[in-house]
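Participant: Here you go, one structure.
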There are 2 protein chains.
Amino acid sequence: MKHRIVVIGAGFAGLQLVKKLRGANCDITLIDRRNHHLFQPLLYQVATAILPTADIAWPIRRILDDRKDVTTLLATVTGVDRTTRDVILRHGERVPYDTLVVATGAAHAYFGNDEWEADAPGLKTLEDATTIRRRVLLAFERAELESDEATRTAELTFAVVGAGPTGVELAGIIADLAHRVLPGEFRRIDTKTARVLLVEAGPRILPAFSENLSAYAKRALERLGVEVLTGEAVTNVSSSDIALGERRIPTRTVIWAAGVEASPAGQWLEAETDKAGRVKVSPFLTLPDDESIFVLGDTAATVDAHGKPVPGIAPAAKQQGSYVTRTIRARLTGKPVPGPFRYRHLGNLATIGPNAAVIELGRFRLKGRLAWWVWGVAHIYFLVSARSRLVVTLNWLWNFVSGQNSARLITQKETLRDD
Amino acid sequence: MKHRIVVIGAGFAGLQLVKKLRGANCDITLIDRRNHHLFQPLLYQVATAILPTADIAWPIRRILDDRKDVTTLLATVTGVDRTTRDVILRHGERVPYDTLVVATGAAHAYFGNDEWEADAPGLKTLEDATTIRRRVLLAFERAELESDEATRTAELTFAVVGAGPTGVELAGIIADLAHRVLPGEFRRIDTKTARVLLVEAGPRILPAFSENLSAYAKRALERLGVEVLTGEAVTNVSSSDIALGERRIPTRTVIWAAGVEASPAGQWLEAETDKAGRVKVSPFLTLPDDESIFVLGDTAATVDAHGKPVPGIAPAAKQQGSYVTRTIRARLTGKPVPGPFRYRHLGNLATIGPNAAVIELGRFRLKGRLAWWVWGVAHIYFLVSARSRLVVTLNWLWNFVSGQNSARLITQKETLRDD
């Protein structure tokens, strides 16, 4: 019987691992709760109506259709039986493994205030993105209908919490939407009066970047019309306002980009986790007490050569996927396994609005319009399918030429208020 | 004060009317429950994963952004006060009119069996389309997980009720999905064993077409693997089967394409309606007792020169929109108003699967692959925006070259069963 590898999660880490196991003569089962692999780095562009959903998500089955050694299951995992070596699916089905790879990613975290989620959605899934898109677009629609000035002002106030790349990208595009894209389309309101707040508890935005680029990003955001509030911790979120300390700012649209928490994989494995729920793994990315179980991507707590946490970005996940593939192949062929995993940080990228970006690749730093083009080419290069490369390029060019956002659809709940 | 025209509904009829009123020096308010105009003729392609949602829907505001005489409101109408001449929105807001145009379209009808809707969704909105797409794709996913043979067979049975163009188009593409697109991607099931039933109560499919083309369409569907069941009335639909007379066929996926019912506009207007809820209008498309209110599109019961009902298709709606524009312009300038509305039937078109179609334009009849290309060019021509023409063309070409359906995403409820 062939060696059975079960992989939970078809994100960057899991998919990379499965792809690199081509020809390894194993029996691979890939389990995911969704039918698509999602290109999360561009998810904020779906949330801000720049790209349609289909451009950044691909059916897992199609990606792997020529891999007869891989069985894909759309299923929800509820546990792992480490005694019998089975993954347990909802409704009790069991999938036996010889090697288990857990790469189930992370969700957004509210630091103990889970009740804020309803009024401050995060951005991790396609549904999150269409929810945010709907909320942002509906706020302008409600403002157009509103006769009370205070309510209208609240409708036209948008708060993004957390100033990492996702928060910066969201705030920049929402400001651009209000100040450049939408003004001609409304008759009763001036969308340019909209306020976009970027709230960050730390002392500066984009803390992973150098102070220089971080300061540039702040100025660029302010030019787009974003109010950058650093050193401000959110103390409450409700359906009518956001509280920063004693200050309450009326708003109907809060977006959460402030923190993540690992998936519940730690509980399935009964493994030790850190505060953010990430599983503590050996330097070889296995459970400390079970070499047949690998944990990687955002689900694992790993550190780089300087003892700093490995960031939750796609290149890190893919490096771990490739690394574990090498270990599995070495074990199967009886060759020496690789040494401990070593993360190689390639750089930081973030866009600011529709035509500026900051890039830091080691000592190489770039900002502004040219950086945006470099960022765009890099992201198109990494898209999974040739079709997506084509349509994303076209959509971006179209938006660039027409000054429009292509995908401004309000779906799911089209109507207003309590409808 | 300018003449105030309120238009309810931004479908083909309402949008055509507003477009043709350019320069008429009126104060126009266009109200719709959705923020987008939908190109319904291609909606079945979203439901079958050929096109992404954004390709066939455009924000109404953007279509009309250069029309400073038009105010667009995203709102739900709850009634019309004919005494004070106000349209009443949810939450009580009132929009006063001098001329009112009601073009609110139709919904699917279950002929008194509204409880079937949950198990047999119809296809009228973008949400309907993504719901059907999710259900069809999930049925294959559940079958891949299923160990019980009878349940697996039921999961792989698809029933489309109603054999007008929409039903024929849906059945053809679902059969194509099962027999050509998906087989390489599943490991445990053979998707080619899927059954696709097209159920029609009448004696033949595509009753609006000549018998000759109708018979061709039946053969073409059967070649694609569709079982065409004519003369079979649906007597019940449940979550586990569909009943045709005494026969019960286990299935988990039923799609309703059998009937439509007008929107509740008749009730708002306290006007006389026919059995399908369509408002009975004068030959001038006004209410018989109120010339300031026009009712058009699928909301109105109108007949052609032969006394046959005007079909619920886009060209008919657009002709009515243009006609009412001429009447309004004539009234405003004191010129003689046009004579009664006369419907000009341009023809019937329907596609059968991925590369065949039937076309009937007067005496001109065409079938097969060439008809499909004519159909495709015609539909691209009528798409509202230049961007859509480009991306729909590219998506179709891509599907044609790759043998794939581009937009196979399961969204909203990604997971299985009761999750």
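Residue numbering restarts at 1 in every chain; chains get A, B, ... in the order shown in the structure tokens, and ligands count up from 1 in that same order.
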Find the residues of chain A in contact range of chain B, meaning any atom within 6 Å when counting only C-alpha atoms, and list them as a list in words.

Facilitator: Arg33, Arg34, Ala54, Arg61, Asp65, Thr71, Gly184, Glu185, Arg187, Ala407, Glu414 and Thr415 of chain A

Participant: I'd like to know which residues of range 39-288 of chain B are helix (DSSP H, G or I) (by DSSP, run on the backbone); could you write them as number ranges by chain?

Facilitator: B: 40-47, 53-56, 60-63, 90-92, 114-116, 126-145, 149-155, 165-181, 183-185, 191-193, 211-224, 265-269

Participant: Could you tell me which of A:His179, A:Arg94, A:Lys275, A:Arg252 comes closest to Ala120 in chain A if we count only C-alpha atoms?

Facilitator: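 Of A:His179, A:Arg94, A:Lys275, A:Arg252, the one nearest Ala120 in chain A is A:Arg252, counting only C-alpha atoms.
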
Participant: Where does DSSP see strand (DSSP E) in range 84-292 of chain A, if you list the residues as a ChimeraX atom specification?

Facilitator: /A:86-89,94-96,99-102,106-108,157-161,195-200,226-230,234-237,241-244,247-250,253-256,260-262,279-280,286-287,290-292

Participant: For the atom pair CA of Thr166 in chain B and CA of Val401 in chain B, what is the interatomic distance in Å to one decimal place?

Facilitator: 24.7 Å

Participant: Please identify all polymer residues within 7 Å of range 285-296 of chain B, counting only C-alpha atoms, omitting same-chain residues fewer than 4 positions from it, and present them as JSON, numbers by chain.

Facilitator: {"B": [13, 98, 99, 100, 101, 102, 103, 281, 300, 320]}

Participant: What's the 6 Å shell around Val77 in chain B, counting only C-alpha atoms, without same-chain residues fewer than 2 positions away, as a list in words?

Facilitator: Gly79, Ile88 and Leu89 of chain B

Participant: Those same residues - N, CA and C atoms - I'd like them written as a short mmCIF file (atom, residue, chain, number, x, y, z; two decimals), in the first residue's frame.

Facilitator:
data_model
loop_
_atom_site.label_atom_id
_atom_site.label_comp_id
_atom_site.auth_asym_id
_atom_site.auth_seq_id
_atom_site.Cartn_x
_atom_site.Cartn_y
_atom_site.Cartn_z
N GLY B 79 -45.32 51.15 -1.59
CA GLY B 79 -46.65 51.52 -2.04
C GLY B 79 -46.62 52.79 -2.87
N ILE B 88 -44.08 55.63 -2.07
CA ILE B 88 -43.73 55.48 -0.66
C ILE B 88 -42.63 54.44 -0.53
N LEU B 89 -41.52 54.82 0.12
CA LEU B 89 -40.41 53.91 0.34
C LEU B 89 -40.52 53.30 1.74
#

Participant: Near Asn113 in chain A, counting only C-alpha atoms, which residues have an atom at most 10 Å away, once you skip same-chain residues fewer than 3 positions from it, shown as a list in words?

Facilitator: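 Listing them by chain and then by number gives Ala109, Tyr110, Trp116, Glu117, Thr235, Asn236 and Val237 of chain A.
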
Participant: For the residues selected in the previous step, produce a file with C-alpha atoms as a PDB file, in the first residue's frame.

Facilitator:
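Dumped to again-v7.pdb:
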ATOM      1  CA  ALA A 109      -9.021  38.013  16.232  1.00  0.00           C
ATOM      2  CA  TYR A 110     -10.774  40.581  18.373  1.00  0.00           C
ATOM      3  CA  TRP A 116     -17.334  43.315  17.900  1.00  0.00           C
ATOM      4  CA  GLU A 117     -17.240  40.969  14.908  1.00  0.00           C
ATOM      5  CA  THR A 235     -12.100  50.428  23.284  1.00  0.00           C
ATOM      6  CA  ASN A 236     -15.495  49.599  21.812  1.00  0.00           C
ATOM      7  CA  VAL A 237     -17.305  48.979  18.545  1.00  0.00           C
TER       8      VAL A 237
END

Participant: Find the residues around Ala257 in chain B up to 9 Å (only C-alpha atoms counted), leave out those fewer than 2 positions away in its own chain, and share them as a PyMOL selection string.

Facilitator: chain B and resi 108+121-123+160-167+170+255+259-260

Participant: With N, CA and C atoms retained, could you export that selection as a compact mmCIF listing (two decimals), in the first residue's frame?

Facilitator:
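Heads up, here's the output in selection-v8.txt:
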# COMPACT_ATOMS: atom_id res chain seq x y z
N HIS B 108 -40.26 34.29 -10.07
CA HIS B 108 -40.73 32.98 -10.49
C HIS B 108 -41.99 32.61 -9.73
N PRO B 121 -35.10 26.37 -6.36
CA PRO B 121 -34.93 27.81 -6.57
C PRO B 121 -35.10 28.18 -8.04
N GLY B 122 -35.61 29.38 -8.26
CA GLY B 122 -35.73 29.90 -9.62
C GLY B 122 -34.55 30.79 -9.95
N LEU B 123 -34.59 31.42 -11.12
CA LEU B 123 -33.43 32.15 -11.61
C LEU B 123 -33.85 33.53 -12.09
N VAL B 160 -34.37 19.92 -13.97
CA VAL B 160 -34.72 21.28 -14.35
C VAL B 160 -36.19 21.25 -14.77
N VAL B 161 -37.01 22.09 -14.15
CA VAL B 161 -38.44 22.08 -14.43
C VAL B 161 -38.77 23.26 -15.34
N GLY B 162 -39.37 22.96 -16.49
CA GLY B 162 -39.74 24.01 -17.43
C GLY B 162 -38.77 24.06 -18.60
N ALA B 163 -39.28 23.93 -19.82
CA ALA B 163 -38.40 23.81 -20.98
C ALA B 163 -38.55 24.98 -21.93
N GLY B 164 -38.68 26.19 -21.40
CA GLY B 164 -38.47 27.39 -22.20
C GLY B 164 -36.97 27.57 -22.41
N PRO B 165 -36.56 28.70 -22.98
CA PRO B 165 -35.13 28.90 -23.21
C PRO B 165 -34.27 28.74 -21.96
N THR B 166 -34.71 29.30 -20.81
CA THR B 166 -33.88 29.20 -19.60
C THR B 166 -33.69 27.75 -19.15
N GLY B 167 -34.77 26.97 -19.14
CA GLY B 167 -34.67 25.57 -18.73
C GLY B 167 -33.78 24.78 -19.66
N LEU B 170 -30.12 25.83 -19.05
CA LEU B 170 -29.58 25.28 -17.79
C LEU B 170 -29.30 23.79 -17.93
N ILE B 255 -34.19 22.71 -10.12
CA ILE B 255 -34.15 24.12 -10.50
C ILE B 255 -35.45 24.46 -11.20
N GLY B 259 -42.25 29.09 -14.46
CA GLY B 259 -43.29 30.10 -14.55
C GLY B 259 -42.90 31.38 -13.87
N VAL B 260 -43.51 32.46 -14.28
CA VAL B 260 -43.23 33.73 -13.63
C VAL B 260 -44.52 34.40 -13.19

Participant: For the atom pair CA of Asp274 in chain A and CA of Phe111 in chain A, what is the interatomic distance in Å to one decimal place?

Facilitator: 13.8 Å

Participant: So that I can check the surroundings of Ala118 in chain A, please list as an mmCIF file with N, CA and C atoms, in the first residue's frame every protein, DNA and RNA residue that reaches within 10 Å of it, counting only C-alpha atoms and ignoring chain neighbours fewer than 5 positions away.

Facilitator:
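Heads up, here's the output in result02.cif:
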data_model
loop_
_atom_site.group_PDB
_atom_site.id
_atom_site.type_symbol
_atom_site.label_atom_id
_atom_site.label_comp_id
_atom_site.auth_asym_id
_atom_site.auth_seq_id
_atom_site.Cartn_x
_atom_site.Cartn_y
_atom_site.Cartn_z
ATOM 1 N N VAL A 237 -16.704 48.854 19.865
ATOM 2 C CA VAL A 237 -17.305 48.979 18.545
ATOM 3 C C VAL A 237 -18.777 48.640 18.689
ATOM 4 N N SER A 238 -19.643 49.496 18.154
ATOM 5 C CA SER A 238 -21.074 49.180 18.150
ATOM 6 C C SER A 238 -21.624 49.456 16.759
ATOM 7 N N SER A 239 -22.927 49.240 16.586
ATOM 8 C CA SER A 239 -23.502 49.466 15.258
ATOM 9 C C SER A 239 -23.585 50.946 14.919
ATOM 10 N N VAL A 254 -17.238 49.829 10.138
ATOM 11 C CA VAL A 254 -15.930 49.577 10.734
ATOM 12 C C VAL A 254 -15.389 48.285 10.121
#

Participant: Find the residue from A:Leu21, A:Ala150, A:Gln16, A:Gly277 that sits nearest to Leu332 in chain A; use only C-alpha atoms when measuring.

Facilitator: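 Using only C-alpha atoms, the shortest distance to Leu332 in chain A belongs to A:Leu21.
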
Participant: Have a look at A:Ala159, A:Val87, A:Val136, A:Val392 and name the one nearest to Leu269 in chain A; count only C-alpha atoms.

Facilitator: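 Of A:Ala159, A:Val87, A:Val136, A:Val392, the one nearest Leu269 in chain A, counting only C-alpha atoms, is A:Val87.
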